[in-house]
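Undergrad: The structure follows.
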Amino acid sequence: MRPPKRQNRKPGVRTSWDPVAAWYQGMVGEGGSKYHRKFAIPAILDLLAPQKREHMLDIGCGPGPLAPFIADVGARYTGVDASERLLRFARQHHGNAGRFFLGDARKLPTLDALQANSFDAVIFLLSIQDMDPLDQVLQAAAWALRDSGRIVLLMTHPCFRVPRQSGWGWDEGRKLRYRRVDRYLTPLPVPMKPHPGDQGGVTRSFHRPLSAYINGLSACGLLIDQVREIPKHEEGKTAGQSRADTLADQEIPLFLGIRAVKRS
Ligand SMILES: C[S@@+](CC[C@H](N)C(=O)[O-])C[C@H]1O[C@@H](n2cnc3c(N)ncnc32)[C@H](O)[C@@H]1O
């Protein structure tokens, strides 16, 4: 006789990273992954320009790698995530830098800990592409933000890094590394198995064209005032890399950062 199927522990939020929490917190660690440290966190801080005593809301905070950077400038930090396991890690390692709450990014008004129009800034650090539907998430973020407050999104560049639908190619004639994009305009939920050895975990990445973010923000009264397109290399050659690869890394951005301001 077959053993009974293991029950899911909780239905929870469908897009929560609880099933891959052990792998993800291992990769991010206390100080952030190498991508956090080199690109994502500096870009967020650059766009956010956090000020002393401001109150920041990090939506989809996961294991909380941003919290100490916000605390360091004397700003207040609140993180919300749908993964209990990642929040446990965040509280254990960054509990002295801020507060962490379990919650669904689409339903922030249902959280007792949060108030409408109360945050100076709202942040999505590598999390907006893991949430769906976008309009509900942006609406909830706008709800939390005070008038003239800012929202900062940092994501893999949706024009060039479409999961499973883009990649590098080699043009032998021109000795050129090029980026191939097979699909772009159609929104696409892409199942991701970040760690093949992990028993539990599949997450979903929600590809959307750039217009979905621009128009989605605008529909919530959030007007874009800054954009950063962040390459893997800004200048110089990385040891062991060909000139063609270095050029490709300099010219095709890895991340996109967007800042928008809530219209008062
Ligand atoms: C790629 S991780 C990024 C975590 C963190 N910002 C970082 O940079 O390490 C995406 C996070 O979004 C969270 N998430 C996905 N859907 C969510 C939702 N509806 N509400 C709250 N968090 C959600 C996941 O649980 C996960 O922790």
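FYI, nothing fancy with the structure tokens labels: chains A, B, ... in order, residues from 1 per chain, ligands from 1 as they appear.
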Hey, could you make a per-residue contact list for chain A against ligand 1 with 6 Å as the cut-off, showing the nearest pair of atoms and its distance in Å to one decimal, counting only C-alpha atoms and all ligand atoms, sorted by chain and number, as a Markdown table?

TA:
```
| residue | atom | partner | partner_atom_place_in_ligand_line | distance |
| --- | --- | --- | --- | --- |
| A:Val13 | CA | ligand 1 | 19 (N) | 5.9 |
| A:Thr15 | CA | ligand 1 | 16 (N) | 4.3 |
| A:Ser16 | CA | ligand 1 | 25 (O) | 3.7 |
| A:Trp17 | CA | ligand 1 | 25 (O) | 3.8 |
| A:Gly60 | CA | ligand 1 | 12 (O) | 3.9 |
| A:Cys61 | CA | ligand 1 | 6 (N) | 4.0 |
| A:Gly62 | CA | ligand 1 | 27 (O) | 3.5 |
| A:Pro63 | CA | ligand 1 | 9 (O) | 5.8 |
| A:Pro65 | CA | ligand 1 | 9 (O) | 5.9 |
| A:Asp81 | CA | ligand 1 | 22 (N) | 3.8 |
| A:Ala82 | CA | ligand 1 | 21 (C) | 4.1 |
| A:Ser83 | CA | ligand 1 | 25 (O) | 4.6 |
| A:Gly103 | CA | ligand 1 | 21 (C) | 5.7 |
| A:Asp104 | CA | ligand 1 | 20 (N) | 3.6 |
| A:Ala105 | CA | ligand 1 | 20 (N) | 3.7 |
| A:Arg106 | CA | ligand 1 | 19 (N) | 5.7 |
| A:Leu125 | CA | ligand 1 | 6 (N) | 4.4 |
| A:Leu126 | CA | ligand 1 | 3 (C) | 5.0 |
| A:Ser127 | CA | ligand 1 | 10 (C) | 4.1 |
| A:Asp130 | CA | ligand 1 | 15 (C) | 5.1 |
| A:Met131 | CA | ligand 1 | 16 (N) | 4.4 |
```

Undergrad: Keeping all heavy atoms, export the residues of the selection given above as a compact mmCIF listing (two decimals), in the first residue's frame.

TA:
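Result written to part-v6.txt:
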```txt
# COMPACT_ATOMS: atom_id res chain seq x y z
N VAL A 13 -0.10 31.93 0.97
CA VAL A 13 -0.07 32.71 -0.26
C VAL A 13 0.63 31.85 -1.32
O VAL A 13 1.74 31.37 -1.11
CB VAL A 13 0.69 34.03 -0.03
CG1 VAL A 13 0.81 34.81 -1.32
CG2 VAL A 13 0.00 34.86 1.05
N THR A 15 2.27 32.41 -3.93
CA THR A 15 3.58 32.79 -4.44
C THR A 15 4.65 32.90 -3.34
O THR A 15 5.78 33.34 -3.62
CB THR A 15 3.49 34.15 -5.17
OG1 THR A 15 2.86 35.09 -4.30
CG2 THR A 15 2.69 34.03 -6.46
N SER A 16 4.29 32.50 -2.11
CA SER A 16 5.27 32.55 -1.01
C SER A 16 6.49 31.69 -1.33
O SER A 16 6.37 30.63 -1.95
CB SER A 16 4.60 32.03 0.27
OG SER A 16 5.59 31.66 1.20
N TRP A 17 7.66 32.13 -0.85
CA TRP A 17 8.88 31.34 -1.06
C TRP A 17 9.16 30.40 0.11
O TRP A 17 10.28 29.92 0.27
CB TRP A 17 10.08 32.28 -1.30
CG TRP A 17 10.16 32.70 -2.74
CD1 TRP A 17 9.11 32.97 -3.58
CD2 TRP A 17 11.35 32.89 -3.53
NE1 TRP A 17 9.57 33.31 -4.82
CE2 TRP A 17 10.92 33.27 -4.83
CE3 TRP A 17 12.71 32.78 -3.27
CZ2 TRP A 17 11.83 33.54 -5.86
CZ3 TRP A 17 13.60 33.04 -4.29
CH2 TRP A 17 13.17 33.41 -5.57
N GLY A 60 7.86 41.98 0.43
CA GLY A 60 8.55 40.78 -0.08
C GLY A 60 9.99 40.82 0.41
O GLY A 60 10.93 40.58 -0.34
N CYS A 61 10.13 41.10 1.71
CA CYS A 61 11.46 41.33 2.30
C CYS A 61 12.28 40.05 2.41
O CYS A 61 13.50 40.10 2.56
CB CYS A 61 11.33 41.96 3.68
SG CYS A 61 10.47 40.89 4.87
N GLY A 62 11.62 38.87 2.37
CA GLY A 62 12.33 37.61 2.49
C GLY A 62 13.19 37.57 3.75
O GLY A 62 12.74 37.96 4.83
N PRO A 63 14.46 37.14 3.62
CA PRO A 63 15.33 37.05 4.80
C PRO A 63 15.86 38.40 5.27
O PRO A 63 16.70 38.45 6.17
CB PRO A 63 16.46 36.13 4.32
CG PRO A 63 16.47 36.27 2.84
CD PRO A 63 15.07 36.60 2.40
N PRO A 65 17.71 41.13 3.79
CA PRO A 65 19.08 41.64 3.61
C PRO A 65 19.17 43.17 3.57
O PRO A 65 20.23 43.73 3.83
CB PRO A 65 19.52 41.03 2.26
CG PRO A 65 18.24 40.72 1.54
CD PRO A 65 17.25 40.35 2.61
N ASP A 81 6.45 39.85 4.44
CA ASP A 81 6.65 38.74 3.50
C ASP A 81 5.61 37.65 3.79
O ASP A 81 5.06 37.57 4.88
CB ASP A 81 8.06 38.17 3.62
CG ASP A 81 8.47 37.39 2.37
OD1 ASP A 81 8.06 36.22 2.23
OD2 ASP A 81 9.17 37.97 1.52
N ALA A 82 5.39 36.82 2.77
CA ALA A 82 4.41 35.73 2.90
C ALA A 82 5.06 34.44 3.38
O ALA A 82 4.36 33.45 3.56
CB ALA A 82 3.74 35.50 1.55
N SER A 83 6.37 34.44 3.58
CA SER A 83 7.05 33.22 4.01
C SER A 83 7.41 33.28 5.49
O SER A 83 8.26 34.07 5.89
CB SER A 83 8.32 33.00 3.18
OG SER A 83 9.15 32.04 3.81
N GLY A 103 2.57 38.62 5.91
CA GLY A 103 1.43 39.24 5.24
C GLY A 103 1.49 39.04 3.74
O GLY A 103 2.53 38.68 3.18
N ASP A 104 0.36 39.31 3.12
CA ASP A 104 0.23 39.18 1.67
C ASP A 104 0.32 40.57 1.05
O ASP A 104 -0.48 41.45 1.38
CB ASP A 104 -1.14 38.53 1.37
CG ASP A 104 -1.34 38.24 -0.10
OD1 ASP A 104 -0.61 38.81 -0.95
OD2 ASP A 104 -2.25 37.45 -0.40
N ALA A 105 1.26 40.73 0.14
CA ALA A 105 1.49 42.04 -0.50
C ALA A 105 0.24 42.56 -1.19
O ALA A 105 0.10 43.76 -1.39
CB ALA A 105 2.62 41.90 -1.52
N ARG A 106 -0.68 41.68 -1.57
CA ARG A 106 -1.89 42.11 -2.27
C ARG A 106 -2.94 42.64 -1.30
O ARG A 106 -3.93 43.23 -1.69
CB ARG A 106 -2.50 40.93 -3.05
CG ARG A 106 -1.57 40.38 -4.10
CD ARG A 106 -2.03 39.03 -4.59
NE ARG A 106 -2.16 38.08 -3.48
CZ ARG A 106 -2.59 36.83 -3.59
NH1 ARG A 106 -2.94 36.39 -4.78
NH2 ARG A 106 -2.66 36.05 -2.54
N LEU A 125 12.51 44.87 -3.39
CA LEU A 125 13.87 44.45 -3.74
C LEU A 125 13.80 43.03 -4.30
O LEU A 125 13.59 42.07 -3.55
CB LEU A 125 14.75 44.51 -2.49
CG LEU A 125 16.13 43.85 -2.56
CD1 LEU A 125 17.00 44.45 -3.66
CD2 LEU A 125 16.84 43.95 -1.21
N LEU A 126 13.92 42.90 -5.61
CA LEU A 126 13.88 41.60 -6.28
C LEU A 126 12.65 40.78 -5.89
O LEU A 126 12.73 39.56 -5.75
CB LEU A 126 15.17 40.81 -5.98
CG LEU A 126 16.46 41.46 -6.45
CD1 LEU A 126 17.68 40.66 -6.00
CD2 LEU A 126 16.49 41.63 -7.97
N SER A 127 11.53 41.45 -5.66
CA SER A 127 10.34 40.71 -5.23
C SER A 127 9.12 40.94 -6.13
O SER A 127 8.24 40.09 -6.18
CB SER A 127 9.99 41.07 -3.77
OG SER A 127 9.72 42.45 -3.64
N ASP A 130 7.93 38.29 -8.41
CA ASP A 130 7.49 37.04 -7.78
C ASP A 130 6.07 37.17 -7.23
O ASP A 130 5.62 36.30 -6.48
CB ASP A 130 8.46 36.66 -6.65
CG ASP A 130 9.85 36.47 -7.19
OD1 ASP A 130 10.03 35.59 -8.04
OD2 ASP A 130 10.76 37.24 -6.80
N MET A 131 5.42 38.27 -7.56
CA MET A 131 4.07 38.55 -7.03
C MET A 131 3.08 38.73 -8.16
O MET A 131 3.43 39.21 -9.23
CB MET A 131 4.10 39.81 -6.18
CG MET A 131 5.00 39.69 -4.98
SD MET A 131 5.09 41.25 -4.10
CE MET A 131 6.23 40.80 -2.80
```

Undergrad: Identify, with DSSP run on backbone atoms, the residues in stretch 50-162 of chain A assigned to helix (DSSP H, G or I), and express the list as an MDAnalysis selection string.

TA: chainID A and resid 67:72 84:94 105:110 128:130 134:144

Undergrad: Which residues, written as a ChimeraX atom specification, have at least one atom at most 9 Å from stretch 172-189 of chain A, with only C-alpha atoms counted and residues fewer than 5 positions away on the same chain left out?

TA: /A:158-162,164-167,204-210,212,244-245,247-248,252

Undergrad: Deliver the residues from the most recent selection as a file, using C-alpha atoms, as an mmCIF file, in the first residue's frame.

TA:
```
data_model
loop_
_atom_site.group_PDB
_atom_site.id
_atom_site.type_symbol
_atom_site.label_atom_id
_atom_site.label_comp_id
_atom_site.auth_asym_id
_atom_site.auth_seq_id
_atom_site.Cartn_x
_atom_site.Cartn_y
_atom_site.Cartn_z
ATOM 1 C CA PRO A 158 12.193 42.629 -18.175
ATOM 2 C CA CYS A 159 13.276 43.608 -21.707
ATOM 3 C CA PHE A 160 16.419 41.454 -21.783
ATOM 4 C CA ARG A 161 16.128 38.828 -19.050
ATOM 5 C CA VAL A 162 12.898 36.999 -19.802
ATOM 6 C CA ARG A 164 13.499 30.765 -20.222
ATOM 7 C CA GLN A 165 12.700 33.033 -23.196
ATOM 8 C CA SER A 166 16.016 34.860 -23.587
ATOM 9 C CA GLY A 167 19.696 33.966 -23.657
ATOM 10 C CA ARG A 204 6.930 31.255 -10.146
ATOM 11 C CA SER A 205 8.456 34.275 -11.824
ATOM 12 C CA PHE A 206 5.924 36.567 -13.500
ATOM 13 C CA HIS A 207 7.353 38.040 -16.666
ATOM 14 C CA ARG A 208 5.649 41.264 -17.783
ATOM 15 C CA PRO A 209 6.642 43.780 -20.418
ATOM 16 C CA LEU A 210 7.996 47.137 -19.278
ATOM 17 C CA ALA A 212 2.928 46.798 -17.449
ATOM 18 C CA ALA A 244 33.036 40.166 -26.614
ATOM 19 C CA ASP A 245 31.644 38.861 -23.303
ATOM 20 C CA LEU A 247 31.124 44.188 -24.035
ATOM 21 C CA ALA A 248 27.874 42.191 -23.786
ATOM 22 C CA ILE A 252 22.918 44.568 -21.927
#
```

Undergrad: Taking only stretch 39-203 of chain A into account, list the residues labelled strand (DSSP E or B) by DSSP (computed from the backbone), as a ChimeraX atom specification.

TA: /A:55-59,76-81,99-102,119-125,145-156,166-171,176-181,188-192,203

Undergrad: Save the residues we just selected, N, CA and C atoms, as a compact mmCIF listing (two decimals), in the first residue's frame?

TA:
```txt
# COMPACT_ATOMS: atom_id res chain seq x y z
N HIS A 55 10.43 56.32 7.48
CA HIS A 55 9.92 54.97 7.72
C HIS A 55 9.75 54.24 6.39
N MET A 56 10.47 53.12 6.24
CA MET A 56 10.52 52.37 4.97
C MET A 56 9.77 51.06 5.09
N LEU A 57 9.01 50.72 4.07
CA LEU A 57 8.31 49.44 4.03
C LEU A 57 8.90 48.59 2.90
N ASP A 58 9.45 47.44 3.25
CA ASP A 58 10.09 46.53 2.29
C ASP A 58 9.11 45.37 2.04
N ILE A 59 8.50 45.35 0.84
CA ILE A 59 7.45 44.37 0.55
C ILE A 59 8.06 43.17 -0.18
N ARG A 76 13.74 54.05 9.84
CA ARG A 76 13.01 52.91 10.41
C ARG A 76 12.64 51.93 9.32
N TYR A 77 12.67 50.65 9.65
CA TYR A 77 12.46 49.61 8.63
C TYR A 77 11.34 48.67 9.06
N THR A 78 10.39 48.43 8.13
CA THR A 78 9.37 47.39 8.33
C THR A 78 9.40 46.47 7.12
N GLY A 79 9.49 45.17 7.37
CA GLY A 79 9.48 44.19 6.28
C GLY A 79 8.21 43.35 6.34
N VAL A 80 7.65 43.05 5.17
CA VAL A 80 6.47 42.17 5.09
C VAL A 80 6.80 41.07 4.09
N ASP A 81 6.45 39.85 4.44
CA ASP A 81 6.65 38.74 3.50
C ASP A 81 5.61 37.65 3.79
N ARG A 99 11.29 45.75 12.07
CA ARG A 99 10.18 44.85 12.41
C ARG A 99 9.83 44.04 11.17
N PHE A 100 9.38 42.81 11.39
CA PHE A 100 9.04 41.93 10.27
C PHE A 100 7.66 41.33 10.51
N PHE A 101 6.79 41.40 9.49
CA PHE A 101 5.43 40.88 9.63
C PHE A 101 5.09 39.91 8.51
N LEU A 102 4.33 38.89 8.90
CA LEU A 102 3.80 37.96 7.90
C LEU A 102 2.60 38.61 7.24
N PHE A 119 3.89 55.43 5.22
CA PHE A 119 5.31 55.19 4.95
C PHE A 119 5.89 56.26 4.03
N ASP A 120 7.14 56.64 4.30
CA ASP A 120 7.82 57.61 3.44
C ASP A 120 8.26 56.95 2.13
N ALA A 121 8.51 55.66 2.20
CA ALA A 121 8.93 54.95 0.98
C ALA A 121 8.55 53.48 1.07
N VAL A 122 8.27 52.91 -0.09
CA VAL A 122 7.96 51.49 -0.20
C VAL A 122 8.96 50.88 -1.19
N ILE A 123 9.46 49.71 -0.85
CA ILE A 123 10.54 49.09 -1.64
C ILE A 123 10.13 47.69 -2.07
N PHE A 124 10.47 47.35 -3.29
CA PHE A 124 10.38 45.96 -3.75
C PHE A 124 11.78 45.57 -4.21
N LEU A 125 12.51 44.87 -3.39
CA LEU A 125 13.87 44.45 -3.74
C LEU A 125 13.80 43.03 -4.30
N LEU A 145 1.66 54.15 1.22
CA LEU A 145 2.56 55.29 1.02
C LEU A 145 1.90 56.63 1.32
N ARG A 146 2.63 57.50 1.99
CA ARG A 146 2.09 58.86 2.23
C ARG A 146 2.14 59.65 0.92
N ASP A 147 1.39 60.75 0.88
CA ASP A 147 1.44 61.61 -0.30
C ASP A 147 2.87 62.11 -0.50
N SER A 148 3.31 62.17 -1.73
CA SER A 148 4.67 62.55 -2.11
C SER A 148 5.73 61.53 -1.67
N GLY A 149 5.30 60.42 -1.10
CA GLY A 149 6.25 59.35 -0.76
C GLY A 149 6.73 58.67 -2.03
N ARG A 150 7.80 57.88 -1.90
CA ARG A 150 8.37 57.25 -3.11
C ARG A 150 8.32 55.73 -3.05
N ILE A 151 8.25 55.16 -4.22
CA ILE A 151 8.26 53.70 -4.33
C ILE A 151 9.44 53.33 -5.22
N VAL A 152 10.20 52.32 -4.80
CA VAL A 152 11.36 51.90 -5.58
C VAL A 152 11.24 50.41 -5.89
N LEU A 153 11.33 50.10 -7.19
CA LEU A 153 11.27 48.70 -7.63
C LEU A 153 12.63 48.33 -8.21
N LEU A 154 13.17 47.21 -7.79
CA LEU A 154 14.41 46.71 -8.39
C LEU A 154 14.14 45.29 -8.86
N MET A 155 14.35 45.05 -10.16
CA MET A 155 14.00 43.74 -10.73
C MET A 155 15.01 43.36 -11.81
N THR A 156 15.00 42.10 -12.23
CA THR A 156 15.81 41.75 -13.39
C THR A 156 15.17 42.44 -14.60
N SER A 166 14.94 34.00 -23.10
CA SER A 166 16.02 34.86 -23.59
C SER A 166 17.34 34.18 -23.24
N GLY A 167 18.39 34.57 -23.94
CA GLY A 167 19.70 33.97 -23.66
C GLY A 167 20.75 34.61 -24.53
N TRP A 168 21.98 34.15 -24.35
CA TRP A 168 23.08 34.70 -25.14
C TRP A 168 23.26 33.89 -26.43
N GLY A 169 23.67 34.58 -27.49
CA GLY A 169 24.03 33.92 -28.73
C GLY A 169 25.37 34.45 -29.21
N TRP A 170 25.96 33.76 -30.19
CA TRP A 170 27.27 34.15 -30.70
C TRP A 170 27.17 34.36 -32.21
N ASP A 171 27.54 35.55 -32.67
CA ASP A 171 27.55 35.87 -34.10
C ASP A 171 28.99 35.68 -34.58
N LEU A 176 30.66 38.54 -32.19
CA LEU A 176 29.84 39.37 -31.29
C LEU A 176 28.94 38.50 -30.41
N ARG A 177 28.94 38.78 -29.14
CA ARG A 177 27.99 38.13 -28.22
C ARG A 177 26.71 38.95 -28.25
N TYR A 178 25.59 38.33 -28.58
CA TYR A 178 24.34 39.09 -28.63
C TYR A 178 23.30 38.47 -27.70
N ARG A 179 22.30 39.27 -27.36
CA ARG A 179 21.21 38.81 -26.49
C ARG A 179 20.03 38.47 -27.37
N ARG A 180 19.54 37.27 -27.20
CA ARG A 180 18.39 36.80 -27.98
C ARG A 180 17.16 36.87 -27.10
N VAL A 181 16.08 37.45 -27.60
CA VAL A 181 14.83 37.50 -26.84
C VAL A 181 13.75 36.82 -27.68
N LEU A 188 3.86 36.30 -18.74
CA LEU A 188 4.12 34.86 -18.70
C LEU A 188 4.51 34.42 -17.29
N PRO A 189 3.72 33.56 -16.67
CA PRO A 189 4.19 32.99 -15.39
C PRO A 189 5.16 31.85 -15.69
N VAL A 190 6.37 31.95 -15.17
CA VAL A 190 7.38 30.94 -15.50
C VAL A 190 7.75 30.16 -14.24
N PRO A 191 7.49 28.84 -14.22
CA PRO A 191 7.89 28.05 -13.05
C PRO A 191 9.41 28.01 -12.94
N MET A 192 9.92 28.21 -11.72
CA MET A 192 11.37 28.22 -11.50
C MET A 192 11.70 27.17 -10.45
N THR A 203 9.08 27.90 -7.51
CA THR A 203 8.46 29.22 -7.38
C THR A 203 8.01 29.63 -8.78
```

Undergrad: List the neighbours of A:Pro50 out to 10 Å using only C-alpha atoms; skip same-chain residues closer than 2 positions along the sequence, and give me the result as a list of chain:residue names.

TA: A:Ile44, A:Leu45, A:Asp46, A:Leu47, A:Leu48, A:Lys52, A:Arg53, A:Glu54, A:His55, A:Met56, A:Phe69, A:Ile70, A:Ala71, A:Asp72, A:Val73, A:Gly74, A:Ala75, A:Arg76, A:Asp120, A:Ala121

Undergrad: Keeping only N, CA and C atoms, write those residues as a PDB file, in the first residue's frame.

TA:
```pdb
ATOM      1  N   ILE A  44      19.217  50.157  -5.040  1.00  0.00           N
ATOM      2  CA  ILE A  44      18.051  50.528  -4.228  1.00  0.00           C
ATOM      3  C   ILE A  44      18.371  51.764  -3.387  1.00  0.00           C
ATOM      4  N   LEU A  45      19.531  51.738  -2.734  1.00  0.00           N
ATOM      5  CA  LEU A  45      19.878  52.859  -1.843  1.00  0.00           C
ATOM      6  C   LEU A  45      20.074  54.144  -2.644  1.00  0.00           C
ATOM      7  N   ASP A  46      20.629  54.007  -3.837  1.00  0.00           N
ATOM      8  CA  ASP A  46      20.837  55.165  -4.710  1.00  0.00           C
ATOM      9  C   ASP A  46      19.485  55.797  -5.091  1.00  0.00           C
ATOM     10  N   LEU A  47      18.526  54.963  -5.498  1.00  0.00           N
ATOM     11  CA  LEU A  47      17.217  55.491  -5.905  1.00  0.00           C
ATOM     12  C   LEU A  47      16.398  55.964  -4.700  1.00  0.00           C
ATOM     13  N   LEU A  48      16.564  55.269  -3.591  1.00  0.00           N
ATOM     14  CA  LEU A  48      15.741  55.535  -2.398  1.00  0.00           C
ATOM     15  C   LEU A  48      16.216  56.770  -1.621  1.00  0.00           C
ATOM     16  N   LYS A  52      17.353  59.974   7.630  1.00  0.00           N
ATOM     17  CA  LYS A  52      17.190  59.711   9.063  1.00  0.00           C
ATOM     18  C   LYS A  52      15.725  59.868   9.477  1.00  0.00           C
ATOM     19  N   ARG A  53      15.242  58.949  10.285  1.00  0.00           N
ATOM     20  CA  ARG A  53      13.889  58.961  10.871  1.00  0.00           C
ATOM     21  C   ARG A  53      12.765  58.678   9.862  1.00  0.00           C
ATOM     22  N   GLU A  54      13.100  58.515   8.589  1.00  0.00           N
ATOM     23  CA  GLU A  54      12.054  58.118   7.642  1.00  0.00           C
ATOM     24  C   GLU A  54      11.635  56.685   7.949  1.00  0.00           C
ATOM     25  N   HIS A  55      10.427  56.324   7.482  1.00  0.00           N
ATOM     26  CA  HIS A  55       9.921  54.965   7.723  1.00  0.00           C
ATOM     27  C   HIS A  55       9.753  54.235   6.388  1.00  0.00           C
ATOM     28  N   MET A  56      10.469  53.122   6.237  1.00  0.00           N
ATOM     29  CA  MET A  56      10.522  52.374   4.970  1.00  0.00           C
ATOM     30  C   MET A  56       9.774  51.058   5.094  1.00  0.00           C
ATOM     31  N   PHE A  69      20.921  48.053   6.169  1.00  0.00           N
ATOM     32  CA  PHE A  69      21.340  49.241   5.400  1.00  0.00           C
ATOM     33  C   PHE A  69      20.408  50.418   5.678  1.00  0.00           C
ATOM     34  N   ILE A  70      19.142  50.108   5.920  1.00  0.00           N
ATOM     35  CA  ILE A  70      18.174  51.164   6.244  1.00  0.00           C
ATOM     36  C   ILE A  70      18.419  51.645   7.680  1.00  0.00           C
ATOM     37  N   ALA A  71      18.641  50.688   8.570  1.00  0.00           N
ATOM     38  CA  ALA A  71      18.891  51.044   9.980  1.00  0.00           C
ATOM     39  C   ALA A  71      20.171  51.876  10.101  1.00  0.00           C
ATOM     40  N   ASP A  72      21.166  51.564   9.271  1.00  0.00           N
ATOM     41  CA  ASP A  72      22.457  52.272   9.332  1.00  0.00           C
ATOM     42  C   ASP A  72      22.339  53.774   9.117  1.00  0.00           C
ATOM     43  N   VAL A  73      21.352  54.198   8.303  1.00  0.00           N
ATOM     44  CA  VAL A  73      21.220  55.643   8.079  1.00  0.00           C
ATOM     45  C   VAL A  73      20.282  56.285   9.102  1.00  0.00           C
ATOM     46  N   GLY A  74      19.795  55.474  10.039  1.00  0.00           N
ATOM     47  CA  GLY A  74      18.919  56.016  11.081  1.00  0.00           C
ATOM     48  C   GLY A  74      17.457  56.071  10.662  1.00  0.00           C
ATOM     49  N   ALA A  75      17.122  55.370   9.552  1.00  0.00           N
ATOM     50  CA  ALA A  75      15.708  55.295   9.141  1.00  0.00           C
ATOM     51  C   ALA A  75      15.071  54.062   9.788  1.00  0.00           C
ATOM     52  N   ARG A  76      13.739  54.050   9.835  1.00  0.00           N
ATOM     53  CA  ARG A  76      13.013  52.910  10.414  1.00  0.00           C
ATOM     54  C   ARG A  76      12.643  51.927   9.316  1.00  0.00           C
ATOM     55  N   ASP A 120       7.139  56.641   4.304  1.00  0.00           N
ATOM     56  CA  ASP A 120       7.819  57.609   3.441  1.00  0.00           C
ATOM     57  C   ASP A 120       8.255  56.952   2.134  1.00  0.00           C
ATOM     58  N   ALA A 121       8.512  55.660   2.199  1.00  0.00           N
ATOM     59  CA  ALA A 121       8.930  54.952   0.982  1.00  0.00           C
ATOM     60  C   ALA A 121       8.547  53.481   1.075  1.00  0.00           C
TER      61      ALA A 121
END
```

Undergrad: My list of candidates is A:Ile230, A:Leu114, A:Ala43, A:Ala67. Which is closest to A:Arg259 when distances are computed with only C-alpha atoms?

TA: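 The answer is A:Ala43, which sits nearest to A:Arg259.
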
Undergrad: Provide the atom CA of A:Val227 to atom CA of A:Gly257 distance in Å, to one decimal place.

TA: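 Spanning atom CA of A:Val227 to atom CA of A:Gly257 is a straight-line distance of 5.6 Å.
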
Undergrad: Find the distance between atom CA of A:Leu87 and atom CA of A:Ala22 and write it in Å to one decimal.

TA: 11.6 Å

Undergrad: Which is closest to A:His36 among A:Val261, A:Leu222, A:Leu66, A:Ile214, if we use only C-alpha atoms?

TA: A:Leu66

Undergrad: Compare A:Pro42, A:Ala90, A:Gln139, A:Gln129 by their minimum atom-to-atom distance to A:Pro163, counting only C-alpha atoms, and give me the closest one.

TA: A:Gln129
